[in-house]
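Source file target04.cif; content: mmCIF, C-alpha atoms.
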data_query
loop_
_atom_site.group_PDB
_atom_site.id
_atom_site.type_symbol
_atom_site.label_atom_id
_atom_site.label_comp_id
_atom_site.auth_asym_id
_atom_site.auth_seq_id
_atom_site.Cartn_x
_atom_site.Cartn_y
_atom_site.Cartn_z
ATOM 1 C CA MET A 1 31.287 -36.025 112.956
ATOM 2 C CA SER A 2 34.883 -35.412 113.993
ATOM 3 C CA ILE A 3 36.392 -37.391 116.829
ATOM 4 C CA TYR A 4 38.270 -34.145 117.547
ATOM 5 C CA PRO A 5 35.401 -31.776 118.446
ATOM 6 C CA GLN A 6 37.768 -28.801 118.768
ATOM 7 C CA ILE A 7 38.624 -28.829 115.059
ATOM 8 C CA GLU A 8 36.460 -27.611 112.197
ATOM 9 C CA GLY A 9 37.413 -30.403 109.820
ATOM 10 C CA THR A 10 36.873 -34.130 110.240
ATOM 11 C CA ILE A 11 38.995 -37.236 110.703
ATOM 12 C CA THR A 12 38.154 -40.725 109.521
ATOM 13 C CA GLU A 13 40.003 -44.023 109.211
ATOM 14 C CA ILE A 14 39.825 -46.327 106.235
ATOM 15 C CA TYR A 15 41.568 -49.556 105.341
ATOM 16 C CA CYS A 16 43.273 -50.389 102.080
ATOM 17 C CA ASN A 17 44.335 -54.037 101.831
ATOM 18 C CA GLU A 18 44.454 -54.203 105.656
ATOM 19 C CA ARG A 19 46.633 -51.085 105.902
ATOM 20 C CA SER A 20 45.020 -48.330 107.962
ATOM 21 C CA ILE A 21 44.947 -44.769 106.614
ATOM 22 C CA THR A 22 43.951 -41.818 108.791
ATOM 23 C CA LEU A 23 42.331 -39.098 106.701
ATOM 24 C CA TYR A 24 41.877 -35.485 107.729
ATOM 25 C CA PHE A 25 39.446 -33.396 105.691
ATOM 26 C CA PRO A 26 39.502 -29.607 106.126
ATOM 27 C CA LYS A 27 36.255 -27.726 106.668
ATOM 28 C CA GLU A 28 36.426 -26.500 103.079
ATOM 29 C CA TYR A 29 36.143 -30.059 101.796
ATOM 30 C CA HIS A 30 32.638 -30.261 103.235
ATOM 31 C CA ASP A 31 31.681 -26.675 102.345
ATOM 32 C CA GLN A 32 32.741 -26.885 98.687
ATOM 33 C CA SER A 33 31.188 -30.064 97.362
ATOM 34 C CA ASP A 34 32.108 -29.409 93.722
ATOM 35 C CA ARG A 35 35.830 -28.985 94.366
ATOM 36 C CA LEU A 36 38.710 -31.453 94.084
ATOM 37 C CA PHE A 37 41.310 -31.111 96.838
ATOM 38 C CA PRO A 38 45.072 -31.505 97.013
ATOM 39 C CA ILE A 39 46.475 -34.249 99.225
ATOM 40 C CA LEU A 40 49.591 -34.852 101.296
ATOM 41 C CA LEU A 41 50.422 -38.487 102.025
ATOM 42 C CA VAL A 42 52.256 -38.737 105.340
ATOM 43 C CA HIS A 43 54.234 -41.736 106.581
ATOM 44 C CA ASP A 44 53.883 -43.138 110.117
ATOM 45 C CA GLY A 45 50.126 -42.667 110.198
ATOM 46 C CA ALA A 46 48.811 -39.439 111.707
ATOM 47 C CA GLU A 47 51.692 -38.881 114.133
ATOM 48 C CA LEU A 48 52.882 -35.669 112.459
ATOM 49 C CA PHE A 49 49.514 -33.939 112.260
ATOM 50 C CA GLN A 50 46.929 -35.383 114.651
ATOM 51 C CA ASP A 51 47.876 -33.103 117.581
ATOM 52 C CA VAL A 52 48.299 -29.873 115.600
ATOM 53 C CA LEU A 53 45.187 -29.765 113.439
ATOM 54 C CA MET A 54 43.963 -26.632 115.213
ATOM 55 C CA GLU A 55 47.178 -24.846 114.246
ATOM 56 C CA ILE A 56 46.923 -26.111 110.674
ATOM 57 C CA GLU A 57 43.340 -24.874 110.451
ATOM 58 C CA GLU A 58 44.366 -21.501 111.907
ATOM 59 C CA ASN A 59 46.931 -21.128 109.118
ATOM 60 C CA VAL A 60 44.184 -21.810 106.577
ATOM 61 C CA ARG A 61 41.907 -19.195 108.181
ATOM 62 C CA LYS A 62 44.740 -16.640 108.075
ATOM 63 C CA GLY A 63 45.449 -17.425 104.426
ATOM 64 C CA VAL A 64 48.934 -18.701 105.280
ATOM 65 C CA ALA A 65 48.187 -22.202 103.991
ATOM 66 C CA ALA A 66 45.661 -23.704 101.583
ATOM 67 C CA PRO A 67 43.199 -26.381 102.735
ATOM 68 C CA VAL A 68 44.682 -29.834 102.077
ATOM 69 C CA VAL A 69 43.536 -33.382 102.718
ATOM 70 C CA LEU A 70 46.044 -35.219 104.903
ATOM 71 C CA ALA A 71 46.427 -38.983 104.623
ATOM 72 C CA GLY A 72 48.424 -40.688 107.361
ATOM 73 C CA VAL A 73 49.573 -44.047 105.973
ATOM 74 C CA SER A 74 50.422 -46.633 108.617
ATOM 75 C CA SER A 75 53.261 -49.145 108.580
ATOM 76 C CA THR A 76 54.035 -52.000 110.944
ATOM 77 C CA GLU A 77 57.446 -52.569 109.352
ATOM 78 C CA ARG A 78 58.762 -49.043 108.867
ATOM 79 C CA ASN A 79 62.452 -50.037 109.009
ATOM 80 C CA ASP A 80 61.804 -52.266 106.016
ATOM 81 C CA GLU A 81 59.230 -50.258 104.054
ATOM 82 C CA TYR A 82 60.915 -46.877 104.493
ATOM 83 C CA THR A 83 64.353 -47.966 103.266
ATOM 84 C CA PRO A 84 65.367 -48.054 99.584
ATOM 85 C CA TRP A 85 67.725 -51.027 99.705
ATOM 86 C CA PRO A 86 69.027 -53.455 102.351
ATOM 87 C CA HIS A 87 71.337 -52.093 105.025
ATOM 88 C CA PRO A 88 73.019 -53.740 108.033
ATOM 89 C CA ALA A 89 71.603 -53.096 111.498
ATOM 90 C CA LEU A 90 73.078 -50.156 113.395
ATOM 91 C CA ALA A 91 73.421 -52.217 116.579
ATOM 92 C CA ASP A 92 73.431 -55.903 117.471
ATOM 93 C CA LYS A 93 70.077 -55.691 119.255
ATOM 94 C CA PHE A 94 68.286 -54.426 116.128
ATOM 95 C CA PRO A 95 67.394 -56.272 112.912
ATOM 96 C CA ALA A 96 68.848 -55.256 109.563
ATOM 97 C CA PHE A 97 66.938 -52.923 107.257
ATOM 98 C CA ALA A 98 65.237 -54.988 104.543
ATOM 99 C CA GLY A 99 65.079 -52.228 101.918
ATOM 100 C CA GLU A 100 61.512 -52.811 100.729
ATOM 101 C CA GLY A 101 60.947 -49.199 99.706
ATOM 102 C CA VAL A 102 60.217 -49.968 96.064
ATOM 103 C CA ALA A 103 57.389 -52.340 96.973
ATOM 104 C CA TYR A 104 56.013 -49.836 99.491
ATOM 105 C CA LEU A 105 55.972 -46.986 96.969
ATOM 106 C CA ASP A 106 54.391 -49.283 94.397
ATOM 107 C CA ALA A 107 51.638 -50.033 96.928
ATOM 108 C CA ILE A 108 51.096 -46.300 97.391
ATOM 109 C CA GLU A 109 50.748 -45.826 93.640
ATOM 110 C CA ASN A 110 48.718 -48.916 92.788
ATOM 111 C CA GLU A 111 46.635 -49.440 95.926
ATOM 112 C CA ILE A 112 46.546 -46.548 98.365
ATOM 113 C CA ILE A 113 46.049 -43.545 96.078
ATOM 114 C CA PRO A 114 43.416 -45.321 93.926
ATOM 115 C CA CYS A 115 41.643 -46.417 97.121
ATOM 116 C CA ILE A 116 41.448 -42.849 98.429
ATOM 117 C CA GLN A 117 40.541 -41.289 95.088
ATOM 118 C CA SER A 118 37.753 -43.807 94.513
ATOM 119 C CA GLN A 119 35.995 -42.645 97.676
ATOM 120 C CA TYR A 120 36.831 -38.958 98.027
ATOM 121 C CA ARG A 121 37.165 -35.783 95.965
ATOM 122 C CA ILE A 122 40.934 -35.790 95.547
ATOM 123 C CA SER A 123 42.695 -34.096 92.648
ATOM 124 C CA MET A 124 44.396 -36.436 90.203
ATOM 125 C CA ASP A 125 46.889 -33.747 89.170
ATOM 126 C CA PRO A 126 50.431 -34.643 90.388
ATOM 127 C CA LEU A 127 50.930 -30.925 91.117
ATOM 128 C CA ASP A 128 48.256 -31.329 93.799
ATOM 129 C CA ARG A 129 49.863 -34.402 95.337
ATOM 130 C CA ALA A 130 52.630 -34.394 97.946
ATOM 131 C CA ILE A 131 54.358 -37.067 99.999
ATOM 132 C CA GLY A 132 56.358 -36.573 103.153
ATOM 133 C CA GLY A 133 57.564 -37.786 106.492
ATOM 134 C CA ALA A 134 60.230 -37.564 109.169
ATOM 135 C CA SER A 135 63.399 -39.571 109.763
ATOM 136 C CA LEU A 136 63.093 -42.773 107.695
ATOM 137 C CA GLY A 137 59.808 -41.298 106.464
ATOM 138 C CA GLY A 138 61.834 -38.437 105.013
ATOM 139 C CA LEU A 139 64.253 -40.907 103.462
ATOM 140 C CA ILE A 140 61.552 -42.847 101.624
ATOM 141 C CA SER A 141 59.920 -39.568 100.541
ATOM 142 C CA LEU A 142 63.214 -38.475 99.024
ATOM 143 C CA TYR A 143 63.505 -41.848 97.305
ATOM 144 C CA ALA A 144 59.982 -41.284 95.923
ATOM 145 C CA MET A 145 61.241 -37.970 94.543
ATOM 146 C CA TYR A 146 63.409 -39.984 92.167
ATOM 147 C CA LYS A 147 61.193 -43.030 91.641
ATOM 148 C CA LYS A 148 57.632 -41.641 91.656
ATOM 149 C CA ASN A 149 57.953 -38.115 90.282
ATOM 150 C CA HIS A 150 55.167 -38.870 87.800
ATOM 151 C CA LEU A 151 52.892 -39.355 90.798
ATOM 152 C CA PHE A 152 54.012 -36.537 93.134
ATOM 153 C CA LYS A 153 55.398 -33.110 92.349
ATOM 154 C CA LYS A 154 55.766 -31.964 95.982
ATOM 155 C CA TYR A 155 57.854 -33.452 98.800
ATOM 156 C CA MET A 156 58.256 -32.840 102.536
ATOM 157 C CA LEU A 157 61.590 -34.075 103.874
ATOM 158 C CA LEU A 158 61.847 -33.685 107.651
ATOM 159 C CA SER A 159 65.062 -34.759 109.381
ATOM 160 C CA SER A 160 65.546 -37.278 106.595
ATOM 161 C CA SER A 161 67.801 -40.232 107.401
ATOM 162 C CA LEU A 162 70.405 -39.299 104.807
ATOM 163 C CA TRP A 163 73.033 -41.114 106.849
ATOM 164 C CA TYR A 164 71.724 -44.206 105.045
ATOM 165 C CA GLU A 165 74.630 -45.751 103.169
ATOM 166 C CA GLY A 166 74.530 -45.097 99.427
ATOM 167 C CA ILE A 167 71.781 -42.459 99.434
ATOM 168 C CA ILE A 168 74.051 -39.479 98.687
ATOM 169 C CA GLU A 169 75.646 -41.339 95.786
ATOM 170 C CA PHE A 170 72.179 -42.297 94.548
ATOM 171 C CA MET A 171 71.002 -38.675 94.695
ATOM 172 C CA SER A 172 74.036 -37.543 92.723
ATOM 173 C CA SER A 173 73.883 -40.157 89.988
ATOM 174 C CA GLU A 174 70.155 -40.562 89.341
ATOM 175 C CA PRO A 175 68.120 -38.180 87.124
ATOM 176 C CA LEU A 176 65.567 -35.933 88.823
ATOM 177 C CA ASP A 177 62.521 -34.056 87.586
ATOM 178 C CA PRO A 178 63.875 -30.479 87.527
ATOM 179 C CA ALA A 179 60.424 -28.947 88.002
ATOM 180 C CA LEU A 180 59.423 -30.524 91.336
ATOM 181 C CA GLN A 181 59.034 -28.667 94.639
ATOM 182 C CA ALA A 182 60.373 -29.680 98.050
ATOM 183 C CA TYR A 183 60.641 -28.576 101.663
ATOM 184 C CA MET A 184 63.632 -29.792 103.694
ATOM 185 C CA TYR A 185 64.329 -29.432 107.398
ATOM 186 C CA ILE A 186 67.144 -30.642 109.641
ATOM 187 C CA GLY A 187 67.975 -29.848 113.272
ATOM 188 C CA GLU A 188 71.592 -28.848 113.851
ATOM 189 C CA LYS A 189 71.895 -31.123 116.894
ATOM 190 C CA GLU A 190 70.682 -34.287 115.225
ATOM 191 C CA GLY A 191 73.055 -37.215 115.469
ATOM 192 C CA ILE A 192 75.612 -35.499 117.713
ATOM 193 C CA THR A 193 75.236 -38.122 120.445
ATOM 194 C CA LYS A 194 75.604 -41.039 118.027
ATOM 195 C CA GLN A 195 78.781 -43.040 117.597
ATOM 196 C CA ASN A 196 77.771 -44.628 114.276
ATOM 197 C CA ILE A 197 77.008 -43.356 110.780
ATOM 198 C CA GLN A 198 74.005 -41.454 112.133
ATOM 199 C CA ARG A 199 76.524 -38.777 113.133
ATOM 200 C CA GLN A 200 76.478 -37.825 109.434
ATOM 201 C CA MET A 201 72.811 -36.811 109.636
ATOM 202 C CA VAL A 202 73.245 -33.026 109.434
ATOM 203 C CA ALA A 203 76.217 -32.991 107.081
ATOM 204 C CA ASN A 204 74.520 -35.360 104.637
ATOM 205 C CA ASN A 205 71.288 -33.374 104.653
ATOM 206 C CA LYS A 206 73.259 -30.275 103.701
ATOM 207 C CA ILE A 207 75.056 -32.207 100.976
ATOM 208 C CA GLY A 208 71.716 -33.566 99.789
ATOM 209 C CA TYR A 209 70.306 -30.050 99.642
ATOM 210 C CA GLN A 210 73.154 -28.928 97.377
ATOM 211 C CA ILE A 211 72.648 -31.952 95.133
ATOM 212 C CA LEU A 212 68.980 -31.087 94.725
ATOM 213 C CA CYS A 213 69.814 -27.433 94.064
ATOM 214 C CA ASP A 214 72.081 -28.485 91.212
ATOM 215 C CA LYS A 215 69.318 -30.564 89.621
ATOM 216 C CA LEU A 216 66.387 -28.110 89.814
ATOM 217 C CA HIS A 217 65.455 -25.382 87.332
ATOM 218 C CA SER A 218 65.070 -22.664 89.972
ATOM 219 C CA PRO A 219 66.182 -23.950 93.383
ATOM 220 C CA THR A 220 65.507 -20.699 95.212
ATOM 221 C CA LYS A 221 61.839 -20.955 94.209
ATOM 222 C CA GLN A 222 61.389 -24.728 94.213
ATOM 223 C CA LEU A 223 63.347 -25.813 97.284
ATOM 224 C CA CYS A 224 63.083 -24.446 100.822
ATOM 225 C CA PHE A 225 65.738 -25.689 103.266
ATOM 226 C CA GLU A 226 65.468 -24.780 106.942
ATOM 227 C CA THR A 227 67.518 -25.664 110.000
ATOM 228 C CA ASP A 228 67.037 -25.182 113.723
ATOM 229 C CA PRO A 229 70.118 -24.534 115.870
ATOM 230 C CA GLU A 230 68.499 -26.352 118.805
ATOM 231 C CA GLY A 231 66.786 -29.066 116.760
ATOM 232 C CA VAL A 232 67.198 -32.673 117.862
ATOM 233 C CA HIS A 233 65.816 -35.825 116.277
ATOM 234 C CA ASP A 234 62.476 -35.857 118.064
ATOM 235 C CA ASP A 235 58.749 -35.462 117.406
ATOM 236 C CA PRO A 236 58.284 -31.878 118.682
ATOM 237 C CA TYR A 237 60.675 -30.603 116.018
ATOM 238 C CA PHE A 238 59.267 -32.865 113.314
ATOM 239 C CA ILE A 239 55.763 -31.591 114.050
ATOM 240 C CA LYS A 240 56.759 -27.924 114.261
ATOM 241 C CA TYR A 241 58.379 -28.028 110.854
ATOM 242 C CA PHE A 242 55.614 -30.174 109.395
ATOM 243 C CA ILE A 243 53.280 -27.218 109.938
ATOM 244 C CA ARG A 244 55.775 -24.885 108.239
ATOM 245 C CA GLY A 245 56.368 -27.262 105.371
ATOM 246 C CA LEU A 246 52.657 -27.674 104.731
ATOM 247 C CA ALA A 247 52.249 -23.905 104.343
ATOM 248 C CA ILE A 248 55.232 -23.709 101.983
ATOM 249 C CA LEU A 249 54.189 -26.584 99.737
ATOM 250 C CA PHE A 250 50.533 -25.485 99.732
ATOM 251 C CA PRO A 251 50.557 -21.726 100.353
ATOM 252 C CA GLY A 252 47.423 -19.733 101.032
ATOM 253 C CA LEU A 253 46.242 -16.536 99.418
ATOM 254 C CA THR A 254 48.428 -14.260 101.544
ATOM 255 C CA LYS A 255 51.663 -15.990 100.540
#
Starting from the coordinates I provided, produce the structure as structure tokens.
Amino acid sequence: MSIYPQIEGTITEIYCNERSITLYFPKEYHDQSDRLFPILLVHDGAELFQDVLMEIEENVRKGVAAPVVLAGVSSTERNDEYTPWPHPALADKFPAFAGEGVAYLDAIENEIIPCIQSQYRISMDPLDRAIGGASLGGLISLYAMYKKNHLFKKYMLLSSSLWYEGIIEFMSSEPLDPALQAYMYIGEKEGITKQNIQRQMVANNKIGYQILCDKLHSPTKQLCFETDPEGVHDDPYFIKYFIRGLAILFPGLTK
């Protein structure tokens, strides 16, 4: 029974090695008991989808998006787990970034995905698996694009923190699976009030987009990049473009 009575699907919470995972199952998961379903792993728990499940389900009913299992993976140390390598703090009052992204992604591969697949009807095909998030969640998803492309073939990169020192150089120099698919979004007003390297947010996302285009077989088909002229670095924009990205990575029958 769903704790959200207004939705047709259901939500449950499980624990994997003391890490909580919020799972959303579309109505079709319960109606089609012989079917394996695609999955999108989302960083920062259920923050990007828990308040818009009715809209997501409406897109499925309209044939705009396919039914997908959503897995919100929690983190109590996001500044450490969502960063690829150590980085100094951006202000004296904040701690440095520990750069534990490799260990976090290894936990996703070796603990979290096996935990979910052992209990639920989730496809084991990497083409049916996506990973995504916003801000630092977008950064670690992009890092996974290079480090875990055998595990995921689809990526959602929302307002990714590509100001992070060294990430543009990493994207340029490292090999990339040329057949993957990705959705990128950035708001044009992100970082404009900052006085540090976060001011490079928009410019670096656009540079990152061009780098990815150069590495993909057919960028016009595999990579969707959207901007919002009024977009700032805040949840309402992350969530709005999460819904769009979900429909692009997992299109319905009318697409």
Box along x, y and z, 8 Å on every side, all listed atoms of stretch 76-95 of chain A inside: centre and edge lengths in Å to one decimal, as AutoDock Vina command-line options.
--center_x 63.7 --center_y -51.6 --center_z 109.4 --size_x 35.4 --size_y 25.4 --size_z 35.7
Can you list every residue of stretch 41-129 of chain A that has an atom at most 8 Å from stretch 135-141 of chain A, with its nearest atom pair and the distance in Å to one decimal, using all atoms listed in the file, ordered by chain then number, as a Markdown table?
| residue | atom | partner | partner_atom | distance |
| --- | --- | --- | --- | --- |
| A:His43 | CA | A:Gly137 | CA | 5.6 |
| A:Asp44 | CA | A:Gly137 | CA | 7.2 |
| A:Arg78 | CA | A:Leu136 | CA | 7.7 |
| A:Asn79 | CA | A:Leu136 | CA | 7.4 |
| A:Tyr82 | CA | A:Ile140 | CA | 5.0 |
| A:Thr83 | CA | A:Ile140 | CA | 6.1 |
| A:Pro84 | CA | A:Ile140 | CA | 6.8 |
| A:Gly101 | CA | A:Ile140 | CA | 6.7 |
Residues from last step as file, C-alpha atoms, as an mmCIF file, keeping the file's coordinate frame:
data_model
loop_
_atom_site.group_PDB
_atom_site.id
_atom_site.type_symbol
_atom_site.label_atom_id
_atom_site.label_comp_id
_atom_site.auth_asym_id
_atom_site.auth_seq_id
_atom_site.Cartn_x
_atom_site.Cartn_y
_atom_site.Cartn_z
ATOM 1 C CA HIS A 43 54.234 -41.736 106.581
ATOM 2 C CA ASP A 44 53.883 -43.138 110.117
ATOM 3 C CA ARG A 78 58.762 -49.043 108.867
ATOM 4 C CA ASN A 79 62.452 -50.037 109.009
ATOM 5 C CA TYR A 82 60.915 -46.877 104.493
ATOM 6 C CA THR A 83 64.353 -47.966 103.266
ATOM 7 C CA PRO A 84 65.367 -48.054 99.584
ATOM 8 C CA GLY A 101 60.947 -49.199 99.706
#
(request) Find the residue from A:Ser218, A:Ser20, A:Thr193, A:Ser159 that sits nearest to A:Asp177; use all atoms listed in the file when measuring. (result) A:Ser218
(request) Quick one: everything within 9 Å of stretch 90-97 of chain A, counting all atoms listed in the file, minus sequence neighbours fewer than 4 positions away in the same chain. Send it as number ranges by chain. (result) A: 79-83, 85-86, 196-198
(message) So, with only C-alpha atoms as the atoms that count, which of A:Thr10, A:Ser161, A:Val42, A:Gln181 lies closest to A:Leu216?
(response) A:Gln181
Name all residues at most 12 Å from A:Tyr146 (count only C-alpha atoms; drop same-chain ones fewer than 3 positions away) and give them as a PDB file with C-alpha atoms, in the coordinates of the input.
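The result, written out as result_15.pdb:
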ATOM      1  CA  PRO A  84      65.367 -48.054  99.584  1.00  0.00           C
ATOM      2  CA  VAL A 102      60.217 -49.968  96.064  1.00  0.00           C
ATOM      3  CA  LEU A 105      55.972 -46.986  96.969  1.00  0.00           C
ATOM      4  CA  LEU A 139      64.253 -40.907 103.462  1.00  0.00           C
ATOM      5  CA  ILE A 140      61.552 -42.847 101.624  1.00  0.00           C
ATOM      6  CA  SER A 141      59.920 -39.568 100.541  1.00  0.00           C
ATOM      7  CA  LEU A 142      63.214 -38.475  99.024  1.00  0.00           C
ATOM      8  CA  TYR A 143      63.505 -41.848  97.305  1.00  0.00           C
ATOM      9  CA  ASN A 149      57.953 -38.115  90.282  1.00  0.00           C
ATOM     10  CA  HIS A 150      55.167 -38.870  87.800  1.00  0.00           C
ATOM     11  CA  LEU A 151      52.892 -39.355  90.798  1.00  0.00           C
ATOM     12  CA  PHE A 152      54.012 -36.537  93.134  1.00  0.00           C
ATOM     13  CA  LYS A 153      55.398 -33.110  92.349  1.00  0.00           C
ATOM     14  CA  LYS A 154      55.766 -31.964  95.982  1.00  0.00           C
ATOM     15  CA  TYR A 155      57.854 -33.452  98.800  1.00  0.00           C
ATOM     16  CA  ILE A 167      71.781 -42.459  99.434  1.00  0.00           C
ATOM     17  CA  PHE A 170      72.179 -42.297  94.548  1.00  0.00           C
ATOM     18  CA  MET A 171      71.002 -38.675  94.695  1.00  0.00           C
ATOM     19  CA  SER A 172      74.036 -37.543  92.723  1.00  0.00           C
ATOM     20  CA  SER A 173      73.883 -40.157  89.988  1.00  0.00           C
ATOM     21  CA  GLU A 174      70.155 -40.562  89.341  1.00  0.00           C
ATOM     22  CA  PRO A 175      68.120 -38.180  87.124  1.00  0.00           C
ATOM     23  CA  LEU A 176      65.567 -35.933  88.823  1.00  0.00           C
ATOM     24  CA  ASP A 177      62.521 -34.056  87.586  1.00  0.00           C
ATOM     25  CA  PRO A 178      63.875 -30.479  87.527  1.00  0.00           C
ATOM     26  CA  LEU A 180      59.423 -30.524  91.336  1.00  0.00           C
ATOM     27  CA  LEU A 212      68.980 -31.087  94.725  1.00  0.00           C
ATOM     28  CA  LYS A 215      69.318 -30.564  89.621  1.00  0.00           C
TER      29      LYS A 215
END
(request) Give me, please, the distance in Å between atom CA of A:Phe37 and atom CA of A:Thr76, quoted to one decimal. (result)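 Between atom CA of A:Phe37 and atom CA of A:Thr76 the gap works out to 28.2 Å.
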(request) State, in Å with one decimal place, the distance from atom CA of A:Thr254 to atom CA of A:Asn59. (result) 10.3 Å
(request) Take the point (42.7, -45.6, 109.4) as written in the file and pick out every residue within 8 Å of it, counting all atoms listed in the file; give the list as a list in words. (result) Thr12, Glu13, Ile14, Tyr15, Arg19, Ser20, Ile21, Thr22, Leu23, Gly72, Val73 and Ser74 of chain A
Around (46.8, -45.2, 92.3) in the file's own coordinates, what residues are found within 12 Å if you use all atoms listed in the file, given back as a PDB file with C-alpha atoms, in the frame of the given file?
ATOM      1  CA  CYS A  16      43.273 -50.389 102.080  1.00  0.00           C
ATOM      2  CA  LEU A 105      55.972 -46.986  96.969  1.00  0.00           C
ATOM      3  CA  ASP A 106      54.391 -49.283  94.397  1.00  0.00           C
ATOM      4  CA  ALA A 107      51.638 -50.033  96.928  1.00  0.00           C
ATOM      5  CA  ILE A 108      51.096 -46.300  97.391  1.00  0.00           C
ATOM      6  CA  GLU A 109      50.748 -45.826  93.640  1.00  0.00           C
ATOM      7  CA  ASN A 110      48.718 -48.916  92.788  1.00  0.00           C
ATOM      8  CA  GLU A 111      46.635 -49.440  95.926  1.00  0.00           C
ATOM      9  CA  ILE A 112      46.546 -46.548  98.365  1.00  0.00           C
ATOM     10  CA  ILE A 113      46.049 -43.545  96.078  1.00  0.00           C
ATOM     11  CA  PRO A 114      43.416 -45.321  93.926  1.00  0.00           C
ATOM     12  CA  CYS A 115      41.643 -46.417  97.121  1.00  0.00           C
ATOM     13  CA  ILE A 116      41.448 -42.849  98.429  1.00  0.00           C
ATOM     14  CA  GLN A 117      40.541 -41.289  95.088  1.00  0.00           C
ATOM     15  CA  SER A 118      37.753 -43.807  94.513  1.00  0.00           C
ATOM     16  CA  ILE A 122      40.934 -35.790  95.547  1.00  0.00           C
ATOM     17  CA  SER A 123      42.695 -34.096  92.648  1.00  0.00           C
ATOM     18  CA  MET A 124      44.396 -36.436  90.203  1.00  0.00           C
ATOM     19  CA  ASP A 125      46.889 -33.747  89.170  1.00  0.00           C
ATOM     20  CA  PRO A 126      50.431 -34.643  90.388  1.00  0.00           C
ATOM     21  CA  ARG A 129      49.863 -34.402  95.337  1.00  0.00           C
ATOM     22  CA  LYS A 148      57.632 -41.641  91.656  1.00  0.00           C
ATOM     23  CA  HIS A 150      55.167 -38.870  87.800  1.00  0.00           C
ATOM     24  CA  LEU A 151      52.892 -39.355  90.798  1.00  0.00           C
ATOM     25  CA  PHE A 152      54.012 -36.537  93.134  1.00  0.00           C
TER      26      PHE A 152
END
(request) Excluding A:Val69 and residues on its chain fewer than 3 positions from it, collect all residues at most 9 Å away from it, counting all atoms listed in the file, and give them as a ChimeraX atom specification. (result) /A:23-26,29,37-41,122
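Shortest atom-to-atom contact with A:Thr227 among A:Phe250, A:Tyr241, A:Phe49, A:Trp163: A:Tyr241, counting all atoms listed in the file.
One finds atom CA of A:Leu249 at 9.6 Å from atom CA of A:Asp128.
Using all atoms listed in the file for every distance, the candidate list A:Ala144, A:Ala130, A:Met201, A:Ile248 yields A:Met201 as the residue closest to A:Ser160.
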(request) Go through A:Gln210, A:Gln6, A:Gln50, A:Gln195 one by one, measure the shortest atom-to-atom distance of each to A:Phe242 using only C-alpha atoms, and give the residue with the smallest value. (result)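 Checking each of A:Gln210, A:Gln6, A:Gln50, A:Gln195 against A:Phe242, counting only C-alpha atoms, the winner is A:Gln50.
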(request) Using the chain letters and residue numbers of this document, give as a ChimeraX atom specification the residues selected by the PyMOL selection byres ((chain A and resi 205) around 10). (result) /A:157-163,168,184-187,200-204,206-211,225
Written as a short mmCIF file (atom, residue, chain, number, x, y, z; two decimals) with C-alpha atoms, in the coordinates of the input, which residues does the PyMOL selection byres ((chain A and resi 62) around 12) give for the file shown?
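Result written to expr-v8.cif:
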data_model
loop_
_atom_site.label_atom_id
_atom_site.label_comp_id
_atom_site.auth_asym_id
_atom_site.auth_seq_id
_atom_site.Cartn_x
_atom_site.Cartn_y
_atom_site.Cartn_z
CA GLU A 55 47.18 -24.85 114.25
CA ILE A 56 46.92 -26.11 110.67
CA GLU A 57 43.34 -24.87 110.45
CA GLU A 58 44.37 -21.50 111.91
CA ASN A 59 46.93 -21.13 109.12
CA VAL A 60 44.18 -21.81 106.58
CA ARG A 61 41.91 -19.20 108.18
CA GLY A 63 45.45 -17.42 104.43
CA VAL A 64 48.93 -18.70 105.28
CA ALA A 65 48.19 -22.20 103.99
CA ALA A 66 45.66 -23.70 101.58
CA PRO A 67 43.20 -26.38 102.74
CA ALA A 247 52.25 -23.90 104.34
CA PRO A 251 50.56 -21.73 100.35
CA GLY A 252 47.42 -19.73 101.03
CA LEU A 253 46.24 -16.54 99.42
CA THR A 254 48.43 -14.26 101.54
CA LYS A 255 51.66 -15.99 100.54
#
(request) Go through A:Glu28, A:Asp214, A:Glu230, A:Glu165 one by one, measure the shortest atom-to-atom distance of each to A:Ile192 using all atoms listed in the file, and give the residue with the smallest value. (result)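 Nearest to A:Ile192: A:Glu230.
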(request) Kindly resolve the PyMOL selection byres ((chain A and resi 239) around 9) on the present coordinates and return the residues as a PyMOL selection string. (result) chain A and resi 47-49+51-52+134+234-238+240-244
